[in-house]
Structures are given as structure tokens and as C-alpha cells.
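*Asks:* So I've got this file, coords-v1.pdb, and it contains PDB, C-alpha atoms:
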ATOM      1  CA  MET A1166     153.794 103.642  85.177
ATOM      2  CA  ALA A1167     156.873 102.645  87.133
ATOM      3  CA  THR A1168     157.918 106.234  87.713
ATOM      4  CA  TYR A1169     154.435 107.040  88.924
ATOM      5  CA  GLY A1170     154.600 104.211  91.446
ATOM      6  CA  ASP A1171     158.020 105.332  92.603
ATOM      7  CA  ALA A1172     156.715 108.853  93.107
ATOM      8  CA  ARG A1173     153.842 107.645  95.232
ATOM      9  CA  LEU A1174     156.086 105.466  97.333
ATOM     10  CA  SER A1175     158.409 108.383  97.967
ATOM     11  CA  LEU A1176     155.488 110.270  99.516
ATOM     12  CA  PHE A1177     156.041 108.033 102.507
ATOM     13  CA  GLY A1178     159.799 107.930 102.225
ATOM     14  CA  ASP A1179     160.225 110.841 104.633
ATOM     15  CA  PRO A1180     159.527 109.817 108.259
ATOM     16  CA  THR A1181     158.068 113.226 109.154
ATOM     17  CA  ARG A1182     155.763 113.154 106.163
ATOM     18  CA  ARG A1183     154.591 109.708 107.148
ATOM     19  CA  ALA A1184     154.011 110.895 110.717
ATOM     20  CA  ILE A1185     151.869 113.728 109.369
ATOM     21  CA  PHE A1186     149.916 111.319 107.192
ATOM     22  CA  GLU A1187     149.278 109.019 110.164
ATOM     23  CA  LEU A1188     148.059 111.933 112.292
ATOM     24  CA  LEU A1189     145.747 113.043 109.489
ATOM     25  CA  ALA A1190     144.442 109.514 109.155
ATOM     26  CA  ARG A1191     143.079 109.703 112.681
ATOM     27  CA  ARG A1192     141.372 113.091 112.431
ATOM     28  CA  PRO A1193     141.568 116.411 110.570
ATOM     29  CA  TRP A1194     144.321 118.802 111.725
ATOM     30  CA  SER A1195     145.255 122.404 111.012
ATOM     31  CA  VAL A1196     148.830 123.407 110.147
ATOM     32  CA  GLY A1197     149.229 125.057 113.537
ATOM     33  CA  GLU A1198     148.083 121.966 115.414
ATOM     34  CA  LEU A1199     150.481 119.771 113.447
ATOM     35  CA  ALA A1200     153.386 122.138 114.105
ATOM     36  CA  LYS A1201     152.693 121.949 117.843
ATOM     37  CA  GLN A1202     152.598 118.169 117.734
ATOM     38  CA  LEU A1203     155.761 117.715 115.681
ATOM     39  CA  PRO A1204     159.356 118.920 116.121
ATOM     40  CA  ILE A1205     159.247 120.971 112.926
ATOM     41  CA  THR A1206     158.259 124.512 111.988
ATOM     42  CA  ARG A1207     154.956 125.619 110.483
ATOM     43  CA  PRO A1208     156.495 126.281 107.062
ATOM     44  CA  ALA A1209     158.009 122.786 107.127
ATOM     45  CA  VAL A1210     154.606 121.310 107.979
ATOM     46  CA  SER A1211     153.040 123.271 105.122
ATOM     47  CA  GLN A1212     155.626 121.969 102.720
ATOM     48  CA  HIS A1213     154.978 118.338 103.666
ATOM     49  CA  LEU A1214     151.227 118.935 103.389
ATOM     50  CA  ARG A1215     151.675 120.369  99.922
ATOM     51  CA  VAL A1216     153.566 117.270  98.813
ATOM     52  CA  LEU A1217     150.898 114.985 100.252
ATOM     53  CA  LYS A1218     148.150 117.063  98.670
ATOM     54  CA  ASP A1219     149.855 117.130  95.279
ATOM     55  CA  GLY A1220     150.229 113.376  95.570
ATOM     56  CA  GLY A1221     146.485 113.009  96.002
ATOM     57  CA  LEU A1222     146.670 111.538  99.491
ATOM     58  CA  VAL A1223     145.397 114.524 101.453
ATOM     59  CA  VAL A1224     142.607 117.054 100.983
ATOM     60  CA  SER A1225     142.036 120.399 102.702
ATOM     61  CA  ARG A1226     139.016 122.537 103.445
ATOM     62  CA  SER A1227     138.291 125.889 105.037
ATOM     63  CA  GLU A1228     136.869 125.776 108.520
ATOM     64  CA  GLY A1229     136.066 129.312 109.649
ATOM     65  CA  THR A1230     139.290 131.283 109.348
ATOM     66  CA  ARG A1231     141.619 128.318 109.217
ATOM     67  CA  ARG A1232     142.365 125.522 106.807
ATOM     68  CA  VAL A1233     142.209 121.933 108.006
ATOM     69  CA  TYR A1234     143.761 118.905 106.357
ATOM     70  CA  GLN A1235     142.724 115.252 106.343
ATOM     71  CA  ILE A1236     143.420 112.179 104.257
ATOM     72  CA  ASP A1237     140.970 111.922 101.405
ATOM     73  CA  PRO A1238     138.280 109.884 103.176
ATOM     74  CA  ALA A1239     136.744 108.803  99.877
ATOM     75  CA  GLY A1240     140.056 108.137  98.204
ATOM     76  CA  VAL A1241     141.142 104.577  98.065
ATOM     77  CA  GLY A1242     144.505 105.672  96.712
ATOM     78  CA  ALA A1243     145.664 106.924 100.094
ATOM     79  CA  LEU A1244     144.514 103.867 101.969
ATOM     80  CA  ARG A1245     145.997 101.466  99.469
ATOM     81  CA  ALA A1246     149.279 103.342  99.367
ATOM     82  CA  TYR A1247     149.489 103.280 103.136
ATOM     83  CA  LEU A1248     148.669  99.586 103.427
ATOM     84  CA  ASP A1249     151.206  98.843 100.725
ATOM     85  CA  ARG A1250     153.811 100.642 102.782
ATOM     86  CA  ILE A1251     152.819  98.721 105.914
ATOM     87  CA  TRP A1252     153.206  95.339 104.251
ATOM     88  CA  ASP A1253     156.466  96.347 102.653
ATOM     89  CA  GLN A1254     157.974  97.082 106.065
ATOM     90  CA  ALA A1255     156.170  94.286 107.904
ATOM     91  CA  LEU A1256     157.368  91.535 105.560
ATOM     92  CA  GLY A1257     160.917  92.806 105.837
ATOM     93  CA  ALA A1258     160.664  92.752 109.632
ATOM     94  CA  TYR A1259     159.084  89.303 109.535
ATOM     95  CA  GLN A1260     161.903  87.910 107.425
ATOM     96  CA  GLN A1261     164.466  89.150 109.922
ATOM     97  CA  ALA A1262     162.506  87.792 112.885
ATOM     98  CA  ALA A1263     162.059  84.374 111.276
ATOM     99  CA  GLU A1264     165.735  84.017 110.472
ATOM    100  CA  THR A1265     166.969  85.127 113.883
ATOM    101  CA  ALA A1266     164.425  83.387 116.139
ATOM    102  CA  PRO A1267     165.862  80.464 118.120
ATOM    103  CA  ASP A1268     164.697  77.069 116.847
ATOM    104  CA  ASP A1269     162.991  76.070 120.047
ATOM    105  CA  PHE A1270     161.392  79.388 120.904
ATOM    106  CA  VAL A1271     157.826  78.175 120.410
ATOM    107  CA  SER A1272     158.129  75.062 122.535
ATOM    108  CA  ARG A1273     159.698  77.164 125.287
ATOM    109  CA  ARG A1274     156.821  79.596 125.151
ATOM    110  CA  LYS A1275     154.305  76.771 125.440
ATOM    111  CA  SER A1276     155.922  75.027 128.389
TER
ATOM    112  CA  MET B 527     134.589  89.709  92.000
ATOM    113  CA  SER B 528     135.278  90.148  88.288
ATOM    114  CA  ASP B 529     133.906  93.693  88.432
ATOM    115  CA  PRO B 530     136.352  95.839  86.467
ATOM    116  CA  THR B 531     136.107  98.571  89.115
ATOM    117  CA  THR B 532     137.563  96.326  91.814
ATOM    118  CA  ILE B 533     140.608  97.844  93.478
ATOM    119  CA  PRO B 534     143.751  95.831  92.739
ATOM    120  CA  ALA B 535     144.881  93.665  95.628
ATOM    121  CA  ILE B 536     148.212  94.285  97.313
ATOM    122  CA  ASN B 537     150.641  91.428  96.821
ATOM    123  CA  GLY B 538     153.849  90.888  98.714
ATOM    124  CA  ALA B 539     156.278  88.003  98.994
ATOM    125  CA  THR B 540     159.435  87.100 100.792
ATOM    126  CA  THR B 541     161.629  84.045 101.190
ATOM    127  CA  VAL B 542     162.898  83.061 104.615
ATOM    128  CA  ARG B 543     165.722  80.624 105.331
ATOM    129  CA  VAL B 544     163.824  78.551 107.875
ATOM    130  CA  PRO B 545     161.640  75.403 107.711
ATOM    131  CA  ILE B 546     157.986  75.929 106.841
ATOM    132  CA  GLU B 547     156.714  75.087 110.339
ATOM    133  CA  LYS B 548     158.944  77.741 111.854
ATOM    134  CA  ALA B 549     158.004  80.257 109.177
ATOM    135  CA  PHE B 550     154.339  79.812 110.064
ATOM    136  CA  ARG B 551     154.966  79.950 113.814
ATOM    137  CA  VAL B 552     156.990  83.135 113.662
ATOM    138  CA  PHE B 553     154.349  84.773 111.482
ATOM    139  CA  THR B 554     151.526  83.870 113.865
ATOM    140  CA  SER B 555     152.619  83.041 117.438
ATOM    141  CA  SER B 556     155.381  85.633 117.335
ATOM    142  CA  PHE B 557     153.400  88.221 115.402
ATOM    143  CA  ASN B 558     154.015  90.680 118.221
ATOM    144  CA  THR B 559     157.798  90.404 117.924
ATOM    145  CA  TRP B 560     158.059  91.573 114.337
ATOM    146  CA  TRP B 561     155.031  93.739 113.528
ATOM    147  CA  PRO B 562     156.374  97.308 113.102
ATOM    148  CA  ARG B 563     155.373  99.172 116.286
ATOM    149  CA  GLU B 564     154.636 102.408 114.473
ATOM    150  CA  PHE B 565     151.686 100.836 112.700
ATOM    151  CA  HIS B 566     148.915 100.866 115.240
ATOM    152  CA  ILE B 567     145.303 101.939 115.149
ATOM    153  CA  GLY B 568     144.485 102.864 118.736
ATOM    154  CA  GLN B 569     145.179 106.308 120.125
ATOM    155  CA  ALA B 570     147.520 104.852 122.760
ATOM    156  CA  GLU B 571     150.996 103.558 121.969
ATOM    157  CA  MET B 572     150.838  99.869 121.173
ATOM    158  CA  ALA B 573     151.983  97.516 123.913
ATOM    159  CA  LYS B 574     151.211  94.301 122.081
ATOM    160  CA  ALA B 575     149.786  93.007 118.799
ATOM    161  CA  ILE B 576     147.950  89.714 119.154
ATOM    162  CA  LEU B 577     146.809  87.125 116.607
ATOM    163  CA  GLU B 578     144.740  84.383 118.286
ATOM    164  CA  PRO B 579     145.834  80.985 116.905
ATOM    165  CA  ARG B 580     142.508  79.545 115.736
ATOM    166  CA  ALA B 581     139.744  80.063 113.186
ATOM    167  CA  GLY B 582     137.350  82.605 114.670
ATOM    168  CA  GLY B 583     140.121  84.123 116.791
ATOM    169  CA  ARG B 584     140.630  87.837 117.250
ATOM    170  CA  TRP B 585     143.392  89.918 115.725
ATOM    171  CA  TYR B 586     143.933  93.028 117.803
ATOM    172  CA  GLU B 587     146.283  95.408 119.553
ATOM    173  CA  ARG B 588     146.524  96.279 123.212
ATOM    174  CA  GLY B 589     147.657  99.787 124.072
ATOM    175  CA  VAL B 590     150.042 100.743 126.852
ATOM    176  CA  ASP B 591     146.975 102.053 128.714
ATOM    177  CA  GLY B 592     145.299  98.623 128.510
ATOM    178  CA  SER B 593     142.797  99.640 125.835
ATOM    179  CA  GLU B 594     142.174  97.121 123.063
ATOM    180  CA  CYS B 595     141.529  97.826 119.419
ATOM    181  CA  ASP B 596     140.369  95.135 117.002
ATOM    182  CA  TRP B 597     141.953  94.762 113.581
ATOM    183  CA  GLY B 598     140.004  91.764 112.283
ATOM    184  CA  ARG B 599     139.238  88.083 112.697
ATOM    185  CA  VAL B 600     140.980  84.821 111.827
ATOM    186  CA  LEU B 601     138.947  83.141 109.060
ATOM    187  CA  ALA B 602     141.200  80.167 108.297
ATOM    188  CA  TRP B 603     143.932  78.620 110.452
ATOM    189  CA  GLU B 604     145.778  75.917 108.512
ATOM    190  CA  PRO B 605     149.312  75.521 109.894
ATOM    191  CA  PRO B 606     151.809  75.447 108.341
ATOM    192  CA  LEU B 607     150.366  76.204 104.905
ATOM    193  CA  ARG B 608     147.820  78.978 105.055
ATOM    194  CA  LEU B 609     146.414  81.791 107.145
ATOM    195  CA  LEU B 610     143.386  83.905 106.266
ATOM    196  CA  VAL B 611     142.453  86.922 108.360
ATOM    197  CA  THR B 612     140.241  89.956 107.875
ATOM    198  CA  TRP B 613     141.470  93.540 108.078
ATOM    199  CA  GLN B 614     138.575  95.743 109.132
ATOM    200  CA  ILE B 615     140.328  99.075 109.608
ATOM    201  CA  ASN B 616     138.643 101.517 107.250
ATOM    202  CA  GLY B 617     139.889 104.730 105.652
ATOM    203  CA  SER B 618     139.058 106.688 108.802
ATOM    204  CA  TRP B 619     141.290 104.424 110.900
ATOM    205  CA  GLN B 620     138.292 102.904 112.643
ATOM    206  CA  TYR B 621     137.449  99.248 113.183
ATOM    207  CA  ASP B 622     134.327  98.442 111.182
ATOM    208  CA  PRO B 623     132.613  95.363 112.695
ATOM    209  CA  ASP B 624     130.445  94.768 109.602
ATOM    210  CA  PRO B 625     131.774  91.610 107.860
ATOM    211  CA  GLU B 626     130.512  93.061 104.560
ATOM    212  CA  HIS B 627     133.154  95.788 104.907
ATOM    213  CA  ALA B 628     136.024  93.438 105.741
ATOM    214  CA  SER B 629     139.092  93.222 103.523
ATOM    215  CA  GLU B 630     141.026  89.943 103.600
ATOM    216  CA  ILE B 631     144.670  89.030 104.015
ATOM    217  CA  GLU B 632     145.728  85.594 102.851
ATOM    218  CA  VAL B 633     149.203  84.304 103.663
ATOM    219  CA  ARG B 634     150.485  81.161 101.957
ATOM    220  CA  PHE B 635     153.604  79.258 103.003
ATOM    221  CA  THR B 636     155.406  77.009 100.531
ATOM    222  CA  ALA B 637     158.416  74.862 101.390
ATOM    223  CA  GLU B 638     161.153  75.381  98.812
ATOM    224  CA  GLY B 639     163.551  73.190 100.759
ATOM    225  CA  PRO B 640     164.064  71.854 104.287
ATOM    226  CA  GLU B 641     165.395  75.256 105.394
ATOM    227  CA  ARG B 642     163.709  77.558 102.935
ATOM    228  CA  THR B 643     160.136  78.825 102.787
ATOM    229  CA  ARG B 644     158.373  81.103 100.351
ATOM    230  CA  VAL B 645     155.813  83.403 102.021
ATOM    231  CA  GLU B 646     153.249  85.061  99.782
ATOM    232  CA  LEU B 647     150.769  87.601 101.024
ATOM    233  CA  GLU B 648     147.696  89.032  99.365
ATOM    234  CA  HIS B 649     145.644  91.860 100.855
ATOM    235  CA  ARG B 650     142.412  91.895  98.844
ATOM    236  CA  HIS B 651     138.856  93.241  98.761
ATOM    237  CA  LEU B 652     140.187  96.686  99.603
ATOM    238  CA  ASP B 653     137.088  98.103  97.931
ATOM    239  CA  ARG B 654     135.039  96.887 100.889
ATOM    240  CA  LEU B 655     136.874  99.333 103.155
ATOM    241  CA  VAL B 656     135.788 102.474 101.362
ATOM    242  CA  ASP B 657     132.675 104.033  99.923
ATOM    243  CA  GLY B 658     131.675 102.711  96.545
ATOM    244  CA  ARG B 659     131.737 106.197  95.086
ATOM    245  CA  ALA B 660     135.472 106.376  95.685
ATOM    246  CA  LEU B 661     136.281 103.342  93.633
ATOM    247  CA  ARG B 662     136.378 104.986  90.253
ATOM    248  CA  ASP B 663     138.989 107.467  91.478
ATOM    249  CA  GLY B 664     141.419 104.781  92.440
ATOM    250  CA  ILE B 665     141.148 102.451  89.508
ATOM    251  CA  GLY B 666     143.517 104.237  87.182
ATOM    252  CA  GLU B 667     146.226 104.037  89.804
ATOM    253  CA  GLY B 668     146.610 100.285  89.936
ATOM    254  CA  GLY B 669     149.384  99.856  87.438
ATOM    255  CA  GLY B 670     151.975 101.862  89.307
ATOM    256  CA  TRP B 671     151.731  99.842  92.451
ATOM    257  CA  SER B 672     152.352  96.481  90.921
ATOM    258  CA  SER B 673     155.729  97.721  89.777
ATOM    259  CA  VAL B 674     156.568  98.883  93.278
ATOM    260  CA  LEU B 675     155.665  95.482  94.650
ATOM    261  CA  GLU B 676     157.805  93.814  92.050
ATOM    262  CA  GLN B 677     160.684  95.925  93.290
ATOM    263  CA  PHE B 678     159.967  94.839  96.825
ATOM    264  CA  ALA B 679     159.804  91.178  95.873
ATOM    265  CA  ARG B 680     163.128  91.530  94.077
ATOM    266  CA  ALA B 681     164.684  93.248  97.072
ATOM    267  CA  ALA B 682     163.407  90.553  99.414
ATOM    268  CA  ALA B 683     164.691  87.833  97.120
ATOM    269  CA  SER B 684     168.087  89.450  96.702
ATOM    270  CA  GLU B 685     168.772  89.115 100.409
ATOM    271  CA  ASP B 686     169.421  85.401 100.000
TER
END
Would you write the structure of this file as C-alpha cells?
*Replies:*
Amino acid sequence: MATYGDARLSLFGDPTRRAIFELLARRPWSVGELAKQLPITRPAVSQHLRVLKDGGLVVSRSEGTRRVYQIDPAGVGALRAYLDRIWDQALGAYQQAAETAPDDFVSRRKS
Amino acid sequence: MSDPTTIPAINGATTVRVPIEKAFRVFTSSFNTWWPREFHIGQAEMAKAILEPRAGGRWYERGVDGSECDWGRVLAWEPPLRLLVTWQINGSWQYDPDPEHASEIEVRFTAEGPERTRVELEHRHLDRLVDGRALRDGIGEGGGWSSVLEQFARAAASED
């Protein structure tokens, strides 16, 4: 199971892929719309979408002549994976903040 | 709660080389200074993330355009030992005000020495965030994530 977990984590390892996932989390997008929004080409967008789709985080559907992508709204896997990623980064950032904050920073803020 | 279809909670932990009171204060009062900026819910860029320091307080973000977006509520405020908040952002990235749909985040602080504090976090009741019909899909996936979290805990610990 460890390799499976590693594979899922790596879905978010690429910053562009994560950016795409976060856009899709907010609303459905087509490949063309994503390519306009991001500094990468359409084929590159398609490749990231394929990885996310193969990983079970994203679903697609036909809408007229185009195909739109969104995170699987019924899939808890995507949400849990994303939250896991958030906490992973947040706790790391918290540790740094705690160990570098001046000792008296709170009392200064209160005064 | 003991329902076998419950989605596994997310568990994280880290150890910080500061006294427990400071560990709690940085986590709460200074939440805005360390929360990764890229994780925000509102459409606007996040200007500030705010955790109100009391039971019943709000937990929310304020965008650069002044708009506010709720994340949850503070359920328990027990400095310096424990913090319990709700996370009510659902799978569509919307705040769901229904308490029945609220997931919970519990943070526990344990002094391991005068200058050393263990911080353990559990994000649970994730099943409340999504439709019940989705639960069965996610259940088989639990095992993989615990191993990832173990890796994270090891990485955090190895920084000492």
C-alpha cells in the first residue's frame, strides 16, 4: 500500500498539476480555458489532466462539442488527498514559524 | 462513529523546539503568519487568515478585495493544551454552514520538555463533507495514506 500512497502524493508533487487541481476544485474547466489561465500549452494541460484523471482525482464529461473537467464531486479520495497535502505543508510551515518567532512577540502584539 | 464505512481521519504531527505556551500561541494567534498562502477558498487572493481566540469564534479568510470567506468555527479553546475547530469547506470548495456537515480538526499540544512541544493534529469526520454515496468509493484507499503520514511524521521528527 505504501507505493500506492506515494503515487497519490506525487499527483500533487508538480506545482502546475496542483494549480490545475485547485482551479478544477472551484468549478469545471475545459482544456482551452485552463491553457489560457496557465503559462503552459494545451498539450501540457492535457497531459496533467490525464495524470489527475488516471489517479482518480478528476472526472471529465462532454458538454456540447467540448470536454470539461472537474474534481470528482462525489469522490472523497480527491478531497482527502488534497487536505492531506494541505496539512503536510501547513505543519511544516508552522514548525518553522514557531521556532523562529521572537519570544515576546505575543505580548508585543497585545500591548 | 464505529461505522466501518467511515473515512479514515488525517493525522499529522510535528515537534517544535519551543515551550508549550509559545507553541499554542504561534499556532493560534499567529495563524496568519504561517498558513500557506496558496491554500485559500475565496476567489480573491488571501490577505489574511484569522482564527478568533475563543470558543464560538470564527475561523475565516479575508481576501485582498475585503471579501470574507468562512472556514469553520472554534469549538474548544483550551490554551495551551488543546484546540478544536470545524472545517466546513466541502468538496465543491464551498463553505457549508450546516453543523451536521462539519468536519473537525483537533490539535493537541504536549510538553516534552521546557523547550520542546509535541503537536498532534487530527482532521476527522471527513465523511460529513461529502455525499454519503461517495463513501464506499473512498474506503479502500485508506491504507495508503497512513503510510504517507508516517513518512511525514518521520520527516518532521528528523529535523530535530
*Asks:* List as a list of chain:residue names: which residues have an atom within 8 Å of (146.5, 91.3, 104.7), counting only C-alpha atoms?
*Replies:* A:Trp1252, B:Val611, B:Thr612, B:Trp613, B:Ser629, B:Glu630, B:Ile631, B:Glu632, B:Val633, B:Leu647, B:Glu648, B:His649, B:Arg650
*Asks:* Might you spell out which residues the PyMOL selection byres ((chain B and resi 590) around 12) would select in the displayed file, as a PDB file with C-alpha atoms, in the frame of the given file?
*Replies:*
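Saved result, selection_10.pdb, follows:
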ATOM      1  CA  ARG B 563     155.373  99.172 116.286  1.00  0.00           C
ATOM      2  CA  HIS B 566     148.915 100.866 115.240  1.00  0.00           C
ATOM      3  CA  GLY B 568     144.485 102.864 118.736  1.00  0.00           C
ATOM      4  CA  GLN B 569     145.179 106.308 120.125  1.00  0.00           C
ATOM      5  CA  ALA B 570     147.520 104.852 122.760  1.00  0.00           C
ATOM      6  CA  GLU B 571     150.996 103.558 121.969  1.00  0.00           C
ATOM      7  CA  MET B 572     150.838  99.869 121.173  1.00  0.00           C
ATOM      8  CA  ALA B 573     151.983  97.516 123.913  1.00  0.00           C
ATOM      9  CA  LYS B 574     151.211  94.301 122.081  1.00  0.00           C
ATOM     10  CA  ALA B 575     149.786  93.007 118.799  1.00  0.00           C
ATOM     11  CA  GLU B 587     146.283  95.408 119.553  1.00  0.00           C
ATOM     12  CA  ARG B 588     146.524  96.279 123.212  1.00  0.00           C
ATOM     13  CA  GLY B 589     147.657  99.787 124.072  1.00  0.00           C
ATOM     14  CA  ASP B 591     146.975 102.053 128.714  1.00  0.00           C
ATOM     15  CA  GLY B 592     145.299  98.623 128.510  1.00  0.00           C
ATOM     16  CA  SER B 593     142.797  99.640 125.835  1.00  0.00           C
ATOM     17  CA  GLU B 594     142.174  97.121 123.063  1.00  0.00           C
ATOM     18  CA  CYS B 595     141.529  97.826 119.419  1.00  0.00           C
TER      19      CYS B 595
END
*Asks:* Which residue, B:Ala628, B:Glu641, B:Leu601, B:Pro606, has the smallest gap to chain A when you use all atoms listed in the file?
*Replies:*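 Of all the options, B:Glu641 lies closest to chain A.
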*Asks:* Would you translate the PyMOL selection byres ((chain A and resi 1235) around 8) into the concrete set of residues it matches in this file, as a PyMOL selection string?
*Replies:* chain A and resi 1189-1190+1192-1194+1223-1225+1233-1234+1236-1238
*Asks:* Check the smallest atom-to-atom distance from each of A:Ser1227, A:Asp1219, A:Pro1180, A:Ile1251 to Phe565 in chain B using all atoms listed in the file, then report the winner.
*Replies:*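 Under the stated criterion, the closest residue is A:Ile1251.
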*Asks:* Kindly extract all protein, DNA and RNA residues lying within 10 Å of the coordinates (139.6, 93.5, 108.4) given in the file, considering all atoms listed in the file, and supply them as a VMD selection string.
*Replies:* chain B and resid 585 596 to 600 611 to 616 621 to 631 649 651 to 652 654 to 655
*Asks:* Counting all atoms listed in the file, which of A:Leu1222, A:Thr1181, A:Ala1246, A:Arg1232 gets nearest to Pro1204 in chain A?
*Replies:* A:Thr1181
